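Contents: one structure, followed by commentary.
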Amino acid sequence: MSDLHDLSLAEMARQLRDRRLGAVETAKHFLQRAAGHLAGADSTGTGAYLALDPEVTLAQAHAAQARLDGGQAGVLEGVPVAHKDIFVTRDFPTTAGSRMLEGYRSPFDATVVTRLAQAGMVTLGKLNCDEFAMGSANENSAFGVSRNPWDLQRVPGGSSGGSAAAVAAALTPAATGTDTGGSIRQPASFCGITGIKPTYGRASRYGMIAYASSLDQAGPMARSAEDCALLLSAMCGPDLDRDSTSLDVPAEDFSLRLNDSLQGLRIGLPEQFWGQGLADDVRAAIDQALAELKRLGAVVVPVQLPRTELSIPVYYILAPAEASSNLSRFDGVKFGHRAADPVDLLDMYRRTRSEGFGEEVQRRIMIGTYVLSHGYYDAYYLQAQKIRRMIANDFQQAFTQCDVIVGPVAPTVAWALGEKSADPLSSYLADIYTLPASLAGLPGMSVPCGLGAHGMPVGMQLIGNYLQESRLLNVAHQLQQHTDWHQRRPAPASKEIA
Amino acid sequence: MSLQSDDIQRIASLARLSLTPEKSERMLAQINDFFDLVEQMRAVDTQGLEPLAHPVAAMQDIALRLREDVASEPNNREANQRSAPAVEHGLFLVPRVIE
């Protein structure tokens with residue numbers, strides 16, 4: 001018999017529907033596991049959570065049980081989920097990992113939160129992340145780092161670091177994340193779990209605290225591709241009145257094609273993803289997964305993404321530009337922190353923002369303000385948007401030769417806490433493999449494919465063409481039917497599989 | 001191109017930030033490092049290319065949607081102002097602007 005926290009989402013939902021499992025009992029089990037993992041409070045835990053409120057969670061669980069008993073259960077009725085603290089929630093505080101929003105209570109729920117609640121999911125709490133989702137290691141959270149459950153002295157990745165750590169340590173069976181330049185895929189890779197960022201516009205951005213609006217996209221993080229497919233189906237769908245960039249395409253059941261054959265699947269390997277910056281252990285793990293995919297009938301073809309390296313400056317111009325605009329709303333007037341005893345309005349703005357924002361956020365606001373300022377707009381922002389077009393075109397060229405693209409998620413396994421925090425540029429450079437798909441708005445995912453240096457997990461990145469999430473999940477699921485990397489657990493949580 | 005410390009002060013002022021001298025100095029070095037990386041981007045020939053603002057515009061025509069101009073939300077002022085730093089009689093308070 002498996003432990004409750006080892007069940008797949010589908011199995012957990014089935015047992016809840018069959019009344020072999022109770023929603024309240026399930027919620028209590030995960031709340032108990034999560035309890036020692038609040039950020040800052042307990043340095044021996046993962047620091048994955050920023051907020052827990054058992055009273056709220058148990059009330060939701062009781063309501064779910066009533067629907068289960070009344071035969072009105074949603075697809076994921078009674079299954080727990082925890083949300084990245086970038087999604088606003090009415091029943092839990094929302095901070096975006098920032099002092100600026102300490103104690104903030106949203107008057108409404110994000111659409112993604114609402115949709116998962118409508119599917120019956122019970123919210124366990126809010127998960128740690130880099131401040132305003134700016135970071136690749138979760139070290140920019142104002143409330144303390146989150147740690148990698150595979151090695152507590154290493155980072156879980158970011159910005160959805162708490163989400164990845166919580167799933168990897170089975171402190172929740174499922175989590176939401178957001179991905180602007182890799183913030184779902186990279187922490188999923190670092191923590192050995194599965195995560196997918198859908199096509200830009202698939203999931204509503206309503207109630208997702210904005211970082212870079214033309215890039216931000218929500219997605220699920222869970223153990224397996226099968227679990228992610230269930231979650232993604234519940235999360236996505238048009239939200240035309242509330243999100244002006246929501247895609248007007250019907251909601252889809254992303255589980256339908258999981259078992260399609262991979263016979264004849266053309267896998268594109270971009271030459272630029274396999275250069276000298278890639279660590280040998282990461283390369284070896286992905287090579288093994290590729291060999292497995294070939295055994296299942298896939299063929300590999302070389303493709304070109306010639307502007308891969310350029311995606312770093314392009315992204316780090318565009319995202320800070322959008323951030324500087326989005327974060328202008330934090331002015332100490334309508335919500336959030338306000339500096340004490342301002343002498344005038346300007347003094348209030350400046351001190352409020354300098355006290356409320358952490359250093360990485362201020363750095364990005366500065367870069368963004370500069371590149372948008374008079375006389376520099378064409379040279380930086382517009383030029384970056386034009387190269388962004390070239391990058392998107394490069395992908396379309398590649399997809400004439402292949403069905404999916406495979407590469408690494410990150411150049412290395414998770415690094416040690418503090419290793420890159422003094423040198424922001426070094427962590428920007430490590431985003432190289434996730435940025436291109438983000439700039440093009442394409443769906444991408446991370447699938448566990450082995451262990452690398454120091455026994456740390458390695459993720460393989462799958463990139464698909466627009467709206468091809470089902471194909472990505474299919475490839476990942478087939479791989480997971482023939483490998484068990486996604487079943488591996490960090491040592492403290494490891495259990496014999498019965 | 002290299003930014004100087006008075007550039008940092010000017011940008012901070014535009015961004016409504018106030019930086020301590022140490023932070024300002026650190027940021028100057030980091031931002032200049034960053035712009036070294038950006039130089040490779042400026043050399044790319046992008047003549048005749050349309051900027052891509054909405055990524056999905058690479059896939060399909062994107063029309064900016066407008067909804068009907070009707071009230072969709074009830075009056076929720078109290079809840080909306082619950083997290084405001086200073087409120088009086090339903091109004092947001094700010095330091096005196098006009099003497």
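Labeling convention for the structure tokens: chains A, B, ... as they appear, residues from 1 per chain, ligands from 1 in order of appearance.
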- Item | Distance query A:Ile463 at most 9 Å, only C-alpha atoms, self and fewer than 6 positions along chain excluded, as a PyMOL selection string | chain A and resi 404-407+437+442-445+469+472
Take the residues that were just selected and, keeping C-alpha atoms, output them as an mmCIF file, in the first residue's frame.
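The resulting file, again-v3.cif, is reproduced below:
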```
data_model
loop_
_atom_site.group_PDB
_atom_site.id
_atom_site.type_symbol
_atom_site.label_atom_id
_atom_site.label_comp_id
_atom_site.auth_asym_id
_atom_site.auth_seq_id
_atom_site.Cartn_x
_atom_site.Cartn_y
_atom_site.Cartn_z
ATOM 1 C CA VAL A 404 8.888 18.719 -30.532
ATOM 2 C CA ILE A 405 12.187 20.223 -29.465
ATOM 3 C CA VAL A 406 14.281 18.624 -26.736
ATOM 4 C CA GLY A 407 17.083 20.208 -24.763
ATOM 5 C CA ALA A 437 10.488 29.494 -25.641
ATOM 6 C CA LEU A 442 5.583 28.580 -26.791
ATOM 7 C CA PRO A 443 4.619 25.782 -24.403
ATOM 8 C CA GLY A 444 7.535 24.168 -22.591
ATOM 9 C CA MET A 445 7.945 21.597 -19.894
ATOM 10 C CA GLU A 469 0.611 21.021 -24.885
ATOM 11 C CA LEU A 472 4.382 17.522 -24.890
#
```
- Using only C-alpha atoms, which chain A residues lie at most 6 Å away from chain B, written as a list in words?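 Only these qualify: Tyr104, Pro107, Ser214, Pro313, Lys334, Phe335, Asp344, Leu345, Arg350, Arg353, Ser354, Gln385, Lys386, Arg389, Ala440 and Gly441 of chain A.
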Write a file of the just-selected residues containing N, CA and C atoms, as a PDB file, in the first residue's frame.
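What landed in selection08.pdb:
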```pdb
ATOM      1  N   TYR A 104      -0.926  41.767   3.048  1.00  0.00           N
ATOM      2  CA  TYR A 104      -1.962  42.112   2.068  1.00  0.00           C
ATOM      3  C   TYR A 104      -3.008  41.019   1.952  1.00  0.00           C
ATOM      4  N   PRO A 107      -9.075  41.259  -2.258  1.00  0.00           N
ATOM      5  CA  PRO A 107     -10.527  41.152  -2.201  1.00  0.00           C
ATOM      6  C   PRO A 107     -11.080  40.114  -3.181  1.00  0.00           C
ATOM      7  N   SER A 214       3.830  40.429 -21.032  1.00  0.00           N
ATOM      8  CA  SER A 214       3.830  39.756 -22.325  1.00  0.00           C
ATOM      9  C   SER A 214       4.524  38.400 -22.254  1.00  0.00           C
ATOM     10  N   PRO A 313      20.062  38.859 -23.430  1.00  0.00           N
ATOM     11  CA  PRO A 313      19.847  40.317 -23.382  1.00  0.00           C
ATOM     12  C   PRO A 313      18.437  40.723 -23.801  1.00  0.00           C
ATOM     13  N   LYS A 334      -2.707  52.708  -2.413  1.00  0.00           N
ATOM     14  CA  LYS A 334      -3.914  51.868  -2.415  1.00  0.00           C
ATOM     15  C   LYS A 334      -3.746  50.556  -1.657  1.00  0.00           C
ATOM     16  N   PHE A 335      -2.532  50.049  -1.627  1.00  0.00           N
ATOM     17  CA  PHE A 335      -2.298  48.821  -0.867  1.00  0.00           C
ATOM     18  C   PHE A 335      -0.817  48.712  -0.565  1.00  0.00           C
ATOM     19  N   ASP A 344       6.458  64.771   2.012  1.00  0.00           N
ATOM     20  CA  ASP A 344       5.552  65.120   0.911  1.00  0.00           C
ATOM     21  C   ASP A 344       5.309  63.869   0.062  1.00  0.00           C
ATOM     22  N   LEU A 345       4.582  64.028  -1.019  1.00  0.00           N
ATOM     23  CA  LEU A 345       4.163  62.892  -1.829  1.00  0.00           C
ATOM     24  C   LEU A 345       5.370  62.174  -2.444  1.00  0.00           C
ATOM     25  N   ARG A 350       9.184  57.570  -2.911  1.00  0.00           N
ATOM     26  CA  ARG A 350      10.564  57.082  -3.013  1.00  0.00           C
ATOM     27  C   ARG A 350      10.953  56.221  -1.825  1.00  0.00           C
ATOM     28  N   ARG A 353       8.943  52.795  -1.823  1.00  0.00           N
ATOM     29  CA  ARG A 353       9.410  51.821  -2.802  1.00  0.00           C
ATOM     30  C   ARG A 353      10.799  51.282  -2.444  1.00  0.00           C
ATOM     31  N   SER A 354      11.641  52.130  -1.893  1.00  0.00           N
ATOM     32  CA  SER A 354      12.980  51.657  -1.540  1.00  0.00           C
ATOM     33  C   SER A 354      12.951  50.759  -0.307  1.00  0.00           C
ATOM     34  N   GLN A 385      12.375  43.847 -29.049  1.00  0.00           N
ATOM     35  CA  GLN A 385      11.121  43.289 -29.569  1.00  0.00           C
ATOM     36  C   GLN A 385      11.271  42.774 -30.995  1.00  0.00           C
ATOM     37  N   LYS A 386      12.142  43.409 -31.773  1.00  0.00           N
ATOM     38  CA  LYS A 386      12.377  42.941 -33.150  1.00  0.00           C
ATOM     39  C   LYS A 386      13.149  41.621 -33.141  1.00  0.00           C
ATOM     40  N   ARG A 389      10.922  38.835 -32.426  1.00  0.00           N
ATOM     41  CA  ARG A 389      10.252  38.338 -33.638  1.00  0.00           C
ATOM     42  C   ARG A 389      11.143  37.311 -34.349  1.00  0.00           C
ATOM     43  N   ALA A 440       9.095  33.446 -27.328  1.00  0.00           N
ATOM     44  CA  ALA A 440       8.216  33.090 -28.441  1.00  0.00           C
ATOM     45  C   ALA A 440       6.801  32.775 -27.975  1.00  0.00           C
ATOM     46  N   GLY A 441       6.579  32.620 -26.655  1.00  0.00           N
ATOM     47  CA  GLY A 441       5.245  32.307 -26.133  1.00  0.00           C
ATOM     48  C   GLY A 441       4.861  30.853 -26.313  1.00  0.00           C
TER      49      GLY A 441
END
```
Using only C-alpha atoms, find each residue in stretch 156-210 of chain A having at least one atom no more than 10 Å away from stretch 108-111 of chain A; report its shortest atom-to-atom pair and that distance in Å (one decimal), rows by chain then rising number, as CSV.
```
residue,atom,partner,partner_atom,distance
A:Ala203,CA,A:Thr111,CA,8.5
A:Ser204,CA,A:Thr111,CA,6.2
A:Arg205,CA,A:Thr111,CA,7.4
A:Tyr206,CA,A:Ala110,CA,5.6
A:Gly207,CA,A:Ala110,CA,3.8
A:Met208,CA,A:Ala110,CA,6.2
A:Ile209,CA,A:Ala110,CA,9.1
```
Same residues, N, CA and C atoms, saved as a PDB file, in the first residue's frame:
```pdb
ATOM      1  N   ALA A 203      -3.677  30.115 -19.982  1.00  0.00           N
ATOM      2  CA  ALA A 203      -4.184  30.270 -18.609  1.00  0.00           C
ATOM      3  C   ALA A 203      -4.360  31.764 -18.349  1.00  0.00           C
ATOM      4  N   SER A 204      -5.429  32.098 -17.695  1.00  0.00           N
ATOM      5  CA  SER A 204      -5.719  33.508 -17.422  1.00  0.00           C
ATOM      6  C   SER A 204      -4.666  34.129 -16.513  1.00  0.00           C
ATOM      7  N   ARG A 205      -4.286  35.366 -16.817  1.00  0.00           N
ATOM      8  CA  ARG A 205      -3.372  36.100 -15.945  1.00  0.00           C
ATOM      9  C   ARG A 205      -4.121  36.942 -14.920  1.00  0.00           C
ATOM     10  N   TYR A 206      -5.445  36.873 -14.929  1.00  0.00           N
ATOM     11  CA  TYR A 206      -6.227  37.671 -13.988  1.00  0.00           C
ATOM     12  C   TYR A 206      -5.908  37.244 -12.552  1.00  0.00           C
ATOM     13  N   GLY A 207      -5.431  38.171 -11.768  1.00  0.00           N
ATOM     14  CA  GLY A 207      -5.105  37.855 -10.376  1.00  0.00           C
ATOM     15  C   GLY A 207      -3.732  37.250 -10.173  1.00  0.00           C
ATOM     16  N   MET A 208      -2.949  37.216 -11.251  1.00  0.00           N
ATOM     17  CA  MET A 208      -1.549  36.803 -11.139  1.00  0.00           C
ATOM     18  C   MET A 208      -0.773  38.100 -11.060  1.00  0.00           C
ATOM     19  N   ILE A 209      -0.088  38.353  -9.953  1.00  0.00           N
ATOM     20  CA  ILE A 209       0.575  39.648  -9.796  1.00  0.00           C
ATOM     21  C   ILE A 209       1.587  39.810 -10.919  1.00  0.00           C
TER      22      ILE A 209
END
```
- Task: Can you pull out every residue within 8 Å of A:Thr412, counting only C-alpha atoms, but drop anything in the same chain fewer than 5 positions away, and send it as a PyMOL selection string?
- Result: chain A and resi 278-279+281-282
Keeping only N, CA and C atoms, write the selected residues as an mmCIF file, in the first residue's frame.
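New file selection00.cif:
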```
data_model
loop_
_atom_site.group_PDB
_atom_site.id
_atom_site.type_symbol
_atom_site.label_atom_id
_atom_site.label_comp_id
_atom_site.auth_asym_id
_atom_site.auth_seq_id
_atom_site.Cartn_x
_atom_site.Cartn_y
_atom_site.Cartn_z
ATOM 1 N N LEU A 278 27.098 23.572 -21.376
ATOM 2 C CA LEU A 278 26.268 22.529 -20.773
ATOM 3 C C LEU A 278 27.124 21.542 -19.983
ATOM 4 N N ALA A 279 26.767 21.328 -18.724
ATOM 5 C CA ALA A 279 27.545 20.408 -17.870
ATOM 6 C C ALA A 279 27.393 18.967 -18.353
ATOM 7 N N ASP A 281 27.193 16.134 -16.734
ATOM 8 C CA ASP A 281 26.208 15.273 -16.065
ATOM 9 C C ASP A 281 24.803 15.523 -16.593
ATOM 10 N N VAL A 282 24.511 16.783 -16.913
ATOM 11 C CA VAL A 282 23.189 17.121 -17.447
ATOM 12 C C VAL A 282 23.041 16.519 -18.848
#
```
- Straight-line distance linking atom CA of A:Pro408 with atom CA of A:Gln461, stated in Å to one decimal: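 Interatomic distance here is 5.3 Å.
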- One-decimal distance in Å that lies between atom CA of A:Met221 and atom CA of A:Val122: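 Taking atom CA of A:Val122 and atom CA of A:Met221, their separation equals 15.8 Å.
Atom CA of A:Leu232 lies 11.7 Å from atom CA of A:Leu76.
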